[in-house]
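K.L.:
Sending over work-v8.pdb (PDB, C-alpha atoms, pLDDT in the B column).
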ATOM      1  CA  MET C   1     -10.731  16.266  24.418  1.00 39.00           C
ATOM      2  CA  GLY C   2      -9.049  15.795  21.016  1.00 42.00           C
ATOM      3  CA  SER C   3      -7.120  12.709  22.127  1.00 43.00           C
ATOM      4  CA  GLN C   4     -10.344  10.848  22.877  1.00 44.00           C
ATOM      5  CA  ARG C   5     -11.388  11.300  19.254  1.00 46.00           C
ATOM      6  CA  ASP C   6      -8.064  10.054  17.828  1.00 52.00           C
ATOM      7  CA  THR C   7      -8.746   6.373  18.429  1.00 54.00           C
ATOM      8  CA  PRO C   8     -11.957   4.525  17.661  1.00 52.00           C
ATOM      9  CA  SER C   9     -14.040   3.343  20.557  1.00 57.00           C
ATOM     10  CA  PRO C  10     -13.219  -0.203  21.740  1.00 59.00           C
ATOM     11  CA  ASP C  11     -16.504  -1.528  20.367  1.00 76.00           C
ATOM     12  CA  LEU C  12     -15.537  -0.390  16.833  1.00 78.00           C
ATOM     13  CA  ALA C  13     -12.131  -2.050  17.084  1.00 76.00           C
ATOM     14  CA  GLU C  14     -13.882  -5.432  17.229  1.00 83.00           C
ATOM     15  CA  VAL C  15     -16.281  -4.793  14.323  1.00 85.00           C
ATOM     16  CA  SER C  16     -15.646  -6.384  10.905  1.00 91.00           C
ATOM     17  CA  ASP C  17     -14.452  -4.330   7.947  1.00 89.00           C
ATOM     18  CA  GLU C  18     -17.761  -4.945   6.199  1.00 91.00           C
ATOM     19  CA  ILE C  19     -19.844  -3.462   9.021  1.00 92.00           C
ATOM     20  CA  LEU C  20     -17.442  -0.550   9.481  1.00 92.00           C
ATOM     21  CA  ALA C  21     -17.595   0.186   5.749  1.00 92.00           C
ATOM     22  CA  GLU C  22     -21.396   0.019   5.742  1.00 93.00           C
ATOM     23  CA  ARG C  23     -21.535   2.410   8.698  1.00 92.00           C
ATOM     24  CA  ALA C  24     -18.982   4.722   7.078  1.00 92.00           C
ATOM     25  CA  ILE C  25     -20.982   4.750   3.831  1.00 92.00           C
ATOM     26  CA  GLY C  26     -23.893   5.906   5.967  1.00 91.00           C
ATOM     27  CA  GLY C  27     -21.787   8.843   7.175  1.00 91.00           C
ATOM     28  CA  ASP C  28     -20.341   7.420  10.409  1.00 91.00           C
ATOM     29  CA  ALA C  29     -16.962   9.172  10.657  1.00 91.00           C
ATOM     30  CA  ASP C  30     -15.929   7.056  13.664  1.00 92.00           C
ATOM     31  CA  ALA C  31     -16.412   3.883  11.619  1.00 92.00           C
ATOM     32  CA  PHE C  32     -14.214   5.298   8.847  1.00 93.00           C
ATOM     33  CA  LYS C  33     -11.630   6.317  11.451  1.00 92.00           C
ATOM     34  CA  ALA C  34     -11.619   2.718  12.711  1.00 92.00           C
ATOM     35  CA  LEU C  35     -10.905   1.530   9.154  1.00 92.00           C
ATOM     36  CA  ILE C  36      -8.044   4.018   8.892  1.00 91.00           C
ATOM     37  CA  VAL C  37      -6.595   2.872  12.221  1.00 91.00           C
ATOM     38  CA  ARG C  38      -6.853  -0.737  11.043  1.00 91.00           C
ATOM     39  CA  HIS C  39      -5.450  -0.317   7.508  1.00 90.00           C
ATOM     40  CA  GLY C  40      -3.745   3.085   7.434  1.00 89.00           C
ATOM     41  CA  SER C  41      -0.217   1.858   8.162  1.00 88.00           C
ATOM     42  CA  LEU C  42      -0.428  -0.730   5.366  1.00 87.00           C
ATOM     43  CA  VAL C  43      -1.732   1.909   2.948  1.00 90.00           C
ATOM     44  CA  ARG C  44       1.087   4.281   3.959  1.00 90.00           C
ATOM     45  CA  ALA C  45       3.781   1.594   3.580  1.00 87.00           C
ATOM     46  CA  TYR C  46       2.432   0.649   0.164  1.00 86.00           C
ATOM     47  CA  VAL C  47       2.319   4.277  -0.992  1.00 89.00           C
ATOM     48  CA  ALA C  48       5.828   4.901   0.391  1.00 88.00           C
ATOM     49  CA  ARG C  49       7.214   2.052  -1.690  1.00 84.00           C
ATOM     50  CA  ILE C  50       5.629   3.457  -4.822  1.00 84.00           C
ATOM     51  CA  VAL C  51       6.576   7.124  -4.334  1.00 85.00           C
ATOM     52  CA  GLY C  52       9.966   6.407  -2.734  1.00 82.00           C
ATOM     53  CA  SER C  53       9.636   8.762   0.217  1.00 82.00           C
ATOM     54  CA  LEU C  54       7.880   8.636   3.562  1.00 82.00           C
ATOM     55  CA  ILE C  55       7.352  12.398   3.446  1.00 85.00           C
ATOM     56  CA  ASP C  56       5.569  12.205   0.079  1.00 89.00           C
ATOM     57  CA  ALA C  57       3.787   9.062   1.246  1.00 90.00           C
ATOM     58  CA  ASP C  58       2.193  10.948   4.126  1.00 91.00           C
ATOM     59  CA  ASP C  59       0.727  13.546   1.758  1.00 92.00           C
ATOM     60  CA  VAL C  60      -0.387  10.993  -0.836  1.00 93.00           C
ATOM     61  CA  THR C  61      -1.898   8.730   1.828  1.00 93.00           C
ATOM     62  CA  GLN C  62      -3.819  11.628   3.336  1.00 93.00           C
ATOM     63  CA  GLU C  63      -5.153  12.612  -0.093  1.00 94.00           C
ATOM     64  CA  ALA C  64      -6.074   9.001  -0.871  1.00 93.00           C
ATOM     65  CA  LEU C  65      -7.931   8.536   2.411  1.00 93.00           C
ATOM     66  CA  TYR C  66      -9.762  11.828   1.917  1.00 94.00           C
ATOM     67  CA  THR C  67     -10.779  10.676  -1.568  1.00 94.00           C
ATOM     68  CA  ALA C  68     -11.869   7.328  -0.129  1.00 93.00           C
ATOM     69  CA  TRP C  69     -14.069   9.103   2.436  1.00 93.00           C
ATOM     70  CA  GLN C  70     -15.677  11.183  -0.310  1.00 93.00           C
ATOM     71  CA  ARG C  71     -16.171   8.204  -2.635  1.00 93.00           C
ATOM     72  CA  LEU C  72     -17.386   5.663  -0.083  1.00 91.00           C
ATOM     73  CA  PRO C  73     -20.870   5.563  -1.645  1.00 91.00           C
ATOM     74  CA  GLU C  74     -19.198   4.116  -4.778  1.00 90.00           C
ATOM     75  CA  LEU C  75     -17.930   1.090  -2.805  1.00 89.00           C
ATOM     76  CA  ARG C  76     -20.036  -1.781  -4.142  1.00 89.00           C
ATOM     77  CA  ASP C  77     -18.846  -4.504  -1.762  1.00 90.00           C
ATOM     78  CA  PRO C  78     -18.280  -3.265   1.809  1.00 91.00           C
ATOM     79  CA  ALA C  79     -16.543  -6.557   2.665  1.00 90.00           C
ATOM     80  CA  ALA C  80     -13.828  -5.629   0.129  1.00 89.00           C
ATOM     81  CA  VAL C  81     -13.043  -2.245   1.673  1.00 92.00           C
ATOM     82  CA  LYS C  82      -9.341  -3.066   2.253  1.00 90.00           C
ATOM     83  CA  PRO C  83      -8.515  -3.849  -1.405  1.00 89.00           C
ATOM     84  CA  TRP C  84     -10.667  -0.870  -2.413  1.00 91.00           C
ATOM     85  CA  LEU C  85      -8.607   1.419  -0.137  1.00 92.00           C
ATOM     86  CA  MET C  86      -5.427  -0.027  -1.640  1.00 89.00           C
ATOM     87  CA  ARG C  87      -6.688   0.687  -5.170  1.00 88.00           C
ATOM     88  CA  VAL C  88      -7.557   4.282  -4.244  1.00 91.00           C
ATOM     89  CA  ALA C  89      -4.085   4.681  -2.704  1.00 91.00           C
ATOM     90  CA  SER C  90      -2.449   3.073  -5.743  1.00 88.00           C
ATOM     91  CA  ARG C  91      -4.135   5.498  -8.118  1.00 88.00           C
ATOM     92  CA  HIS C  92      -3.071   8.478  -5.997  1.00 90.00           C
ATOM     93  CA  ALA C  93       0.506   7.214  -5.696  1.00 88.00           C
ATOM     94  CA  PHE C  94       0.961   6.664  -9.424  1.00 85.00           C
ATOM     95  CA  ALA C  95      -0.740   9.984 -10.197  1.00 87.00           C
ATOM     96  CA  HIS C  96       1.718  11.631  -7.796  1.00 87.00           C
ATOM     97  CA  LEU C  97       4.624  10.077  -9.700  1.00 80.00           C
ATOM     98  CA  ARG C  98       3.235  11.215 -13.051  1.00 80.00           C
ATOM     99  CA  HIS C  99       2.900  14.812 -11.861  1.00 80.00           C
ATOM    100  CA  LYS C 100       6.073  14.997  -9.796  1.00 71.00           C
ATOM    101  CA  PRO C 101       8.934  16.898 -11.409  1.00 62.00           C
ATOM    102  CA  PRO C 102      12.028  14.768 -11.947  1.00 57.00           C
ATOM    103  CA  THR C 103      14.444  14.956  -9.036  1.00 55.00           C
ATOM    104  CA  GLU C 104      17.385  13.084  -7.677  1.00 51.00           C
ATOM    105  CA  PRO C 105      16.360   9.605  -6.517  1.00 51.00           C
ATOM    106  CA  LEU C 106      15.248   9.617  -2.926  1.00 47.00           C
ATOM    107  CA  PRO C 107      16.412   6.903  -0.559  1.00 51.00           C
ATOM    108  CA  ILE C 108      13.754   4.252  -0.085  1.00 50.00           C
ATOM    109  CA  LEU C 109      14.502   3.935   3.587  1.00 49.00           C
ATOM    110  CA  ASP C 110      14.300   7.306   5.270  1.00 47.00           C
ATOM    111  CA  ALA C 111      12.699   5.870   8.390  1.00 48.00           C
ATOM    112  CA  ALA C 112      14.716   5.780  11.573  1.00 48.00           C
ATOM    113  CA  TYR C 113      15.405   2.466  13.245  1.00 45.00           C
ATOM    114  CA  PRO C 114      15.079   2.002  16.996  1.00 50.00           C
ATOM    115  CA  SER C 115      18.374   2.822  18.709  1.00 46.00           C
ATOM    116  CA  ALA C 116      18.222  -0.468  20.621  1.00 42.00           C
ATOM    117  CA  MET C 117      19.087  -2.386  17.435  1.00 56.00           C
ATOM    118  CA  GLU C 118      22.697  -3.435  16.975  1.00 65.00           C
ATOM    119  CA  PRO C 119      24.516  -1.410  14.289  1.00 67.00           C
ATOM    120  CA  GLU C 120      25.590  -4.539  12.417  1.00 67.00           C
ATOM    121  CA  THR C 121      22.004  -5.814  12.280  1.00 68.00           C
ATOM    122  CA  VAL C 122      20.790  -2.432  11.066  1.00 64.00           C
ATOM    123  CA  ALA C 123      23.497  -2.283   8.382  1.00 70.00           C
ATOM    124  CA  ILE C 124      22.651  -5.783   7.111  1.00 70.00           C
ATOM    125  CA  ARG C 125      18.918  -5.054   7.094  1.00 70.00           C
ATOM    126  CA  ASN C 126      19.479  -1.761   5.232  1.00 69.00           C
ATOM    127  CA  ALA C 127      21.640  -3.519   2.654  1.00 75.00           C
ATOM    128  CA  GLN C 128      18.993  -6.234   2.176  1.00 74.00           C
ATOM    129  CA  LEU C 129      16.206  -3.697   1.763  1.00 74.00           C
ATOM    130  CA  THR C 130      18.324  -1.623  -0.622  1.00 77.00           C
ATOM    131  CA  ALA C 131      19.001  -4.773  -2.666  1.00 79.00           C
ATOM    132  CA  LEU C 132      15.258  -5.529  -2.722  1.00 79.00           C
ATOM    133  CA  ALA C 133      14.501  -1.939  -3.751  1.00 79.00           C
ATOM    134  CA  ASP C 134      17.077  -2.198  -6.554  1.00 81.00           C
ATOM    135  CA  ALA C 135      15.571  -5.528  -7.657  1.00 83.00           C
ATOM    136  CA  LEU C 136      12.096  -3.974  -7.725  1.00 81.00           C
ATOM    137  CA  ASP C 137      13.355  -0.917  -9.595  1.00 83.00           C
ATOM    138  CA  SER C 138      14.867  -3.159 -12.277  1.00 87.00           C
ATOM    139  CA  LEU C 139      11.500  -4.797 -13.033  1.00 87.00           C
ATOM    140  CA  PRO C 140       9.286  -3.601 -15.876  1.00 91.00           C
ATOM    141  CA  GLU C 141       6.531  -1.342 -14.537  1.00 87.00           C
ATOM    142  CA  GLN C 142       3.702  -3.880 -14.845  1.00 89.00           C
ATOM    143  CA  GLU C 143       5.716  -6.564 -13.037  1.00 89.00           C
ATOM    144  CA  ARG C 144       6.649  -4.099 -10.283  1.00 87.00           C
ATOM    145  CA  ARG C 145       3.039  -2.943  -9.875  1.00 86.00           C
ATOM    146  CA  CYS C 146       1.753  -6.535  -9.766  1.00 90.00           C
ATOM    147  CA  TRP C 147       4.374  -7.496  -7.173  1.00 89.00           C
ATOM    148  CA  LEU C 148       3.641  -4.443  -5.014  1.00 85.00           C
ATOM    149  CA  LEU C 149      -0.122  -4.927  -5.191  1.00 85.00           C
ATOM    150  CA  ARG C 150       0.241  -8.588  -4.200  1.00 87.00           C
ATOM    151  CA  GLU C 151       3.108  -8.573  -1.702  1.00 84.00           C
ATOM    152  CA  VAL C 152       2.739  -5.137  -0.116  1.00 80.00           C
ATOM    153  CA  GLY C 153      -0.890  -4.336  -0.843  1.00 80.00           C
ATOM    154  CA  GLU C 154      -2.001  -7.918  -0.159  1.00 81.00           C
ATOM    155  CA  LEU C 155      -4.546  -7.767  -2.977  1.00 84.00           C
ATOM    156  CA  SER C 156      -5.957 -10.945  -4.491  1.00 88.00           C
ATOM    157  CA  TYR C 157      -5.159 -11.933  -8.076  1.00 91.00           C
ATOM    158  CA  ASP C 158      -8.688 -10.884  -9.067  1.00 90.00           C
ATOM    159  CA  ASP C 159      -8.281  -7.463  -7.420  1.00 87.00           C
ATOM    160  CA  ILE C 160      -4.915  -6.960  -9.128  1.00 89.00           C
ATOM    161  CA  ALA C 161      -6.447  -7.909 -12.475  1.00 89.00           C
ATOM    162  CA  LYS C 162      -9.194  -5.337 -11.894  1.00 87.00           C
ATOM    163  CA  GLU C 163      -6.745  -2.654 -10.796  1.00 83.00           C
ATOM    164  CA  LEU C 164      -4.405  -3.131 -13.755  1.00 86.00           C
ATOM    165  CA  ASP C 165      -7.191  -3.971 -16.225  1.00 89.00           C
ATOM    166  CA  ILE C 166      -5.551  -7.224 -17.311  1.00 91.00           C
ATOM    167  CA  PRO C 167      -6.755 -10.852 -17.260  1.00 93.00           C
ATOM    168  CA  ARG C 168      -6.202 -12.890 -14.087  1.00 92.00           C
ATOM    169  CA  SER C 169      -3.991 -15.296 -16.043  1.00 92.00           C
ATOM    170  CA  THR C 170      -1.755 -12.384 -17.028  1.00 93.00           C
ATOM    171  CA  VAL C 171      -1.473 -11.417 -13.361  1.00 91.00           C
ATOM    172  CA  ARG C 172      -0.288 -14.933 -12.515  1.00 92.00           C
ATOM    173  CA  GLY C 173       2.338 -14.919 -15.275  1.00 93.00           C
ATOM    174  CA  THR C 174       3.485 -11.389 -14.506  1.00 92.00           C
ATOM    175  CA  LEU C 175       3.847 -12.196 -10.810  1.00 90.00           C
ATOM    176  CA  ALA C 176       5.763 -15.369 -11.625  1.00 91.00           C
ATOM    177  CA  ARG C 177       8.232 -13.399 -13.774  1.00 92.00           C
ATOM    178  CA  ALA C 178       8.583 -10.686 -11.118  1.00 90.00           C
ATOM    179  CA  ARG C 179       9.173 -13.232  -8.351  1.00 90.00           C
ATOM    180  CA  ALA C 180      11.711 -15.156 -10.445  1.00 89.00           C
ATOM    181  CA  SER C 181      13.623 -11.971 -11.224  1.00 89.00           C
ATOM    182  CA  ILE C 182      13.612 -10.822  -7.598  1.00 85.00           C
ATOM    183  CA  HIS C 183      14.583 -14.330  -6.447  1.00 85.00           C
ATOM    184  CA  ALA C 184      17.569 -14.349  -8.825  1.00 87.00           C
ATOM    185  CA  GLN C 185      18.686 -10.854  -7.834  1.00 83.00           C
ATOM    186  CA  MET C 186      18.368 -11.604  -4.096  1.00 81.00           C
ATOM    187  CA  GLU C 187      20.257 -14.922  -4.342  1.00 81.00           C
ATOM    188  CA  GLY C 188      23.215 -13.597  -2.372  1.00 75.00           C
ATOM    189  CA  TRP C 189      20.995 -12.662   0.580  1.00 70.00           C
ATOM    190  CA  ARG C 190      19.806 -16.181   1.361  1.00 65.00           C
TER     191      ARG C 190
END
Go through the file and emit its structure as structure tokens.
P.N.:
Amino acid sequence: MGSQRDTPSPDLAEVSDEILAERAIGGDADAFKALIVRHGSLVRAYVARIVGSLIDADDVTQEALYTAWQRLPELRDPAAVKPWLMRVASRHAFAHLRHKPPTEPLPILDAAYPSAMEPETVAIRNAQLTALADALDSLPEQERRCWLLREVGELSYDDIAKELDIPRSTVRGTLARARASIHAQMEGWR
């Protein structure tokens, strides 16, 4: 019986984010579950990049989605539910970092790769992702947050400006600097 409740009904899978959000605001848990199925993996990947661990990302993502469920009535534009979920997740992820005791750096990639992949391909991909992680870690915090919100979170410039409380023009300049720095540091991987 529980497995039938784990995935949204097929009719909800075809419904737009806006309608799902409106239904969820009205208390429809299945509509909110459909939003989680649709956007949960992106939220988790984004949180994992911020907190540096898939284990911590699971906890932070769960907390963020629970907060989102509780605060759905505050969502002003149901069509913008995806960027809103990303902002909620962002706040939880950065709060987690602020309250986390300092520890040894955790590897960014603690996910297992399918065994069918060739070892050489896996090694190259790991090295590329480690180089990207190092490039991101070398950025000033605002540049890193802008880049993550845009490239991982897929937020618009306006949504990033709102999230970081900076002008849209500053977002554009900050992203340009972040991209240029990452481009220069990843030169050897092209």
K.L.:
Separation of CA of Glu18 in chain C and CA of Pro78 in chain C, in Å?
P.N.:
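According to the coordinates, CA of Glu18 in chain C and CA of Pro78 in chain C are separated by 4.7 Å.
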K.L.:
Extract, using all atoms listed in the file, all DNA, RNA and protein residues at most 10 Å from Glu22 in chain C, discarding same-chain residues fewer than 4 positions from it, and format them as a ChimeraX atom specification.
P.N.:
/C:17-18,26-28,31-32,72-73,75,77-79,81
K.L.:
Can those selected residues be exported to a file as an mmCIF file, keeping the file's coordinate frame so that it contains C-alpha atoms?
P.N.:
data_model
loop_
_atom_site.group_PDB
_atom_site.id
_atom_site.type_symbol
_atom_site.label_atom_id
_atom_site.label_comp_id
_atom_site.auth_asym_id
_atom_site.auth_seq_id
_atom_site.Cartn_x
_atom_site.Cartn_y
_atom_site.Cartn_z
ATOM 1 C CA ASP C 17 -14.452 -4.330 7.947
ATOM 2 C CA GLU C 18 -17.761 -4.945 6.199
ATOM 3 C CA GLY C 26 -23.893 5.906 5.967
ATOM 4 C CA GLY C 27 -21.787 8.843 7.175
ATOM 5 C CA ASP C 28 -20.341 7.420 10.409
ATOM 6 C CA ALA C 31 -16.412 3.883 11.619
ATOM 7 C CA PHE C 32 -14.214 5.298 8.847
ATOM 8 C CA LEU C 72 -17.386 5.663 -0.083
ATOM 9 C CA PRO C 73 -20.870 5.563 -1.645
ATOM 10 C CA LEU C 75 -17.930 1.090 -2.805
ATOM 11 C CA ASP C 77 -18.846 -4.504 -1.762
ATOM 12 C CA PRO C 78 -18.280 -3.265 1.809
ATOM 13 C CA ALA C 79 -16.543 -6.557 2.665
ATOM 14 C CA VAL C 81 -13.043 -2.245 1.673
#
K.L.:
Kindly assemble as a tab-separated table a list of the range 18-101 of chain C residues that lie within 10 Å of range 125-144 of chain C, each paired with its nearest atom pair and their distance in Å to one decimal, using all atoms listed in the file, sorted first by chain and then by ascending residue number.
P.N.:
residue	atom	partner	partner_atom	distance
C:Arg49	CA	C:Ala133	CA	8.6
C:Ile50	CA	C:Arg144	CA	9.4
C:Gly52	CA	C:Ala133	CA	9.6
K.L.:
As a check of understanding, name the residues that the PyMOL selection byres ((chain C and resi 158-172) around 8) selects in the supplied structure, as a ChimeraX atom specification.
P.N.:
/C:83,87,146,149-150,155-157,173-176
K.L.:
Taking C-alpha atoms for each residue, export the selection above as a compact mmCIF listing (two decimals), in the coordinates of the input.
P.N.:
# COMPACT_ATOMS: atom_id res chain seq x y z
CA PRO C 83 -8.52 -3.85 -1.40
CA ARG C 87 -6.69 0.69 -5.17
CA CYS C 146 1.75 -6.54 -9.77
CA LEU C 149 -0.12 -4.93 -5.19
CA ARG C 150 0.24 -8.59 -4.20
CA LEU C 155 -4.55 -7.77 -2.98
CA SER C 156 -5.96 -10.94 -4.49
CA TYR C 157 -5.16 -11.93 -8.08
CA GLY C 173 2.34 -14.92 -15.28
CA THR C 174 3.48 -11.39 -14.51
CA LEU C 175 3.85 -12.20 -10.81
CA ALA C 176 5.76 -15.37 -11.62
K.L.:
Given the file shown, enumerate the residues that the PyMOL selection byres ((chain C and resi 90) around 12) captures and present them as a PDB file with C-alpha atoms, in the coordinates of the input.
P.N.:
ATOM      1  CA  LEU C  42      -0.428  -0.730   5.366  1.00 87.00           C
ATOM      2  CA  VAL C  43      -1.732   1.909   2.948  1.00 90.00           C
ATOM      3  CA  ARG C  44       1.087   4.281   3.959  1.00 90.00           C
ATOM      4  CA  ALA C  45       3.781   1.594   3.580  1.00 87.00           C
ATOM      5  CA  TYR C  46       2.432   0.649   0.164  1.00 86.00           C
ATOM      6  CA  VAL C  47       2.319   4.277  -0.992  1.00 89.00           C
ATOM      7  CA  ALA C  48       5.828   4.901   0.391  1.00 88.00           C
ATOM      8  CA  ARG C  49       7.214   2.052  -1.690  1.00 84.00           C
ATOM      9  CA  ILE C  50       5.629   3.457  -4.822  1.00 84.00           C
ATOM     10  CA  VAL C  51       6.576   7.124  -4.334  1.00 85.00           C
ATOM     11  CA  ALA C  57       3.787   9.062   1.246  1.00 90.00           C
ATOM     12  CA  VAL C  60      -0.387  10.993  -0.836  1.00 93.00           C
ATOM     13  CA  THR C  61      -1.898   8.730   1.828  1.00 93.00           C
ATOM     14  CA  GLU C  63      -5.153  12.612  -0.093  1.00 94.00           C
ATOM     15  CA  ALA C  64      -6.074   9.001  -0.871  1.00 93.00           C
ATOM     16  CA  LEU C  65      -7.931   8.536   2.411  1.00 93.00           C
ATOM     17  CA  ALA C  68     -11.869   7.328  -0.129  1.00 93.00           C
ATOM     18  CA  PRO C  83      -8.515  -3.849  -1.405  1.00 89.00           C
ATOM     19  CA  TRP C  84     -10.667  -0.870  -2.413  1.00 91.00           C
ATOM     20  CA  LEU C  85      -8.607   1.419  -0.137  1.00 92.00           C
ATOM     21  CA  MET C  86      -5.427  -0.027  -1.640  1.00 89.00           C
ATOM     22  CA  ARG C  87      -6.688   0.687  -5.170  1.00 88.00           C
ATOM     23  CA  VAL C  88      -7.557   4.282  -4.244  1.00 91.00           C
ATOM     24  CA  ALA C  89      -4.085   4.681  -2.704  1.00 91.00           C
ATOM     25  CA  ARG C  91      -4.135   5.498  -8.118  1.00 88.00           C
ATOM     26  CA  HIS C  92      -3.071   8.478  -5.997  1.00 90.00           C
ATOM     27  CA  ALA C  93       0.506   7.214  -5.696  1.00 88.00           C
ATOM     28  CA  PHE C  94       0.961   6.664  -9.424  1.00 85.00           C
ATOM     29  CA  ALA C  95      -0.740   9.984 -10.197  1.00 87.00           C
ATOM     30  CA  HIS C  96       1.718  11.631  -7.796  1.00 87.00           C
ATOM     31  CA  LEU C  97       4.624  10.077  -9.700  1.00 80.00           C
ATOM     32  CA  ARG C 145       3.039  -2.943  -9.875  1.00 86.00           C
ATOM     33  CA  CYS C 146       1.753  -6.535  -9.766  1.00 90.00           C
ATOM     34  CA  LEU C 148       3.641  -4.443  -5.014  1.00 85.00           C
ATOM     35  CA  LEU C 149      -0.122  -4.927  -5.191  1.00 85.00           C
ATOM     36  CA  VAL C 152       2.739  -5.137  -0.116  1.00 80.00           C
ATOM     37  CA  GLY C 153      -0.890  -4.336  -0.843  1.00 80.00           C
ATOM     38  CA  LEU C 155      -4.546  -7.767  -2.977  1.00 84.00           C
ATOM     39  CA  ILE C 160      -4.915  -6.960  -9.128  1.00 89.00           C
ATOM     40  CA  GLU C 163      -6.745  -2.654 -10.796  1.00 83.00           C
ATOM     41  CA  LEU C 164      -4.405  -3.131 -13.755  1.00 86.00           C
TER      42      LEU C 164
END
K.L.:
Could you jot down the CA of Leu54 in chain C to CA of Ala80 in chain C separation for me, Å, one decimal place?
P.N.:
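Separating CA of Leu54 in chain C from CA of Ala80 in chain C is a distance of 26.2 Å.
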K.L.:
Go through C:Gln185, C:Asp59, C:Ala178, C:Trp69 one by one, measure the shortest atom-to-atom distance of each to Asp30 in chain C using all atoms listed in the file, and give the residue with the smallest value.
P.N.:
C:Trp69
K.L.:
Any idea what the distance is between CA of Gln62 in chain C and CA of His39 in chain C?
P.N.:
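Taking CA of Gln62 in chain C as the start and CA of His39 in chain C as the end point, the length is 12.8 Å.
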K.L.:
For Arg38 in chain C, which residue among C:Arg71, C:Arg23, C:Arg76, C:Lys82 is the nearest when counting only C-alpha atoms?
P.N.:
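Of all the options, C:Lys82 lies closest to Arg38 in chain C.
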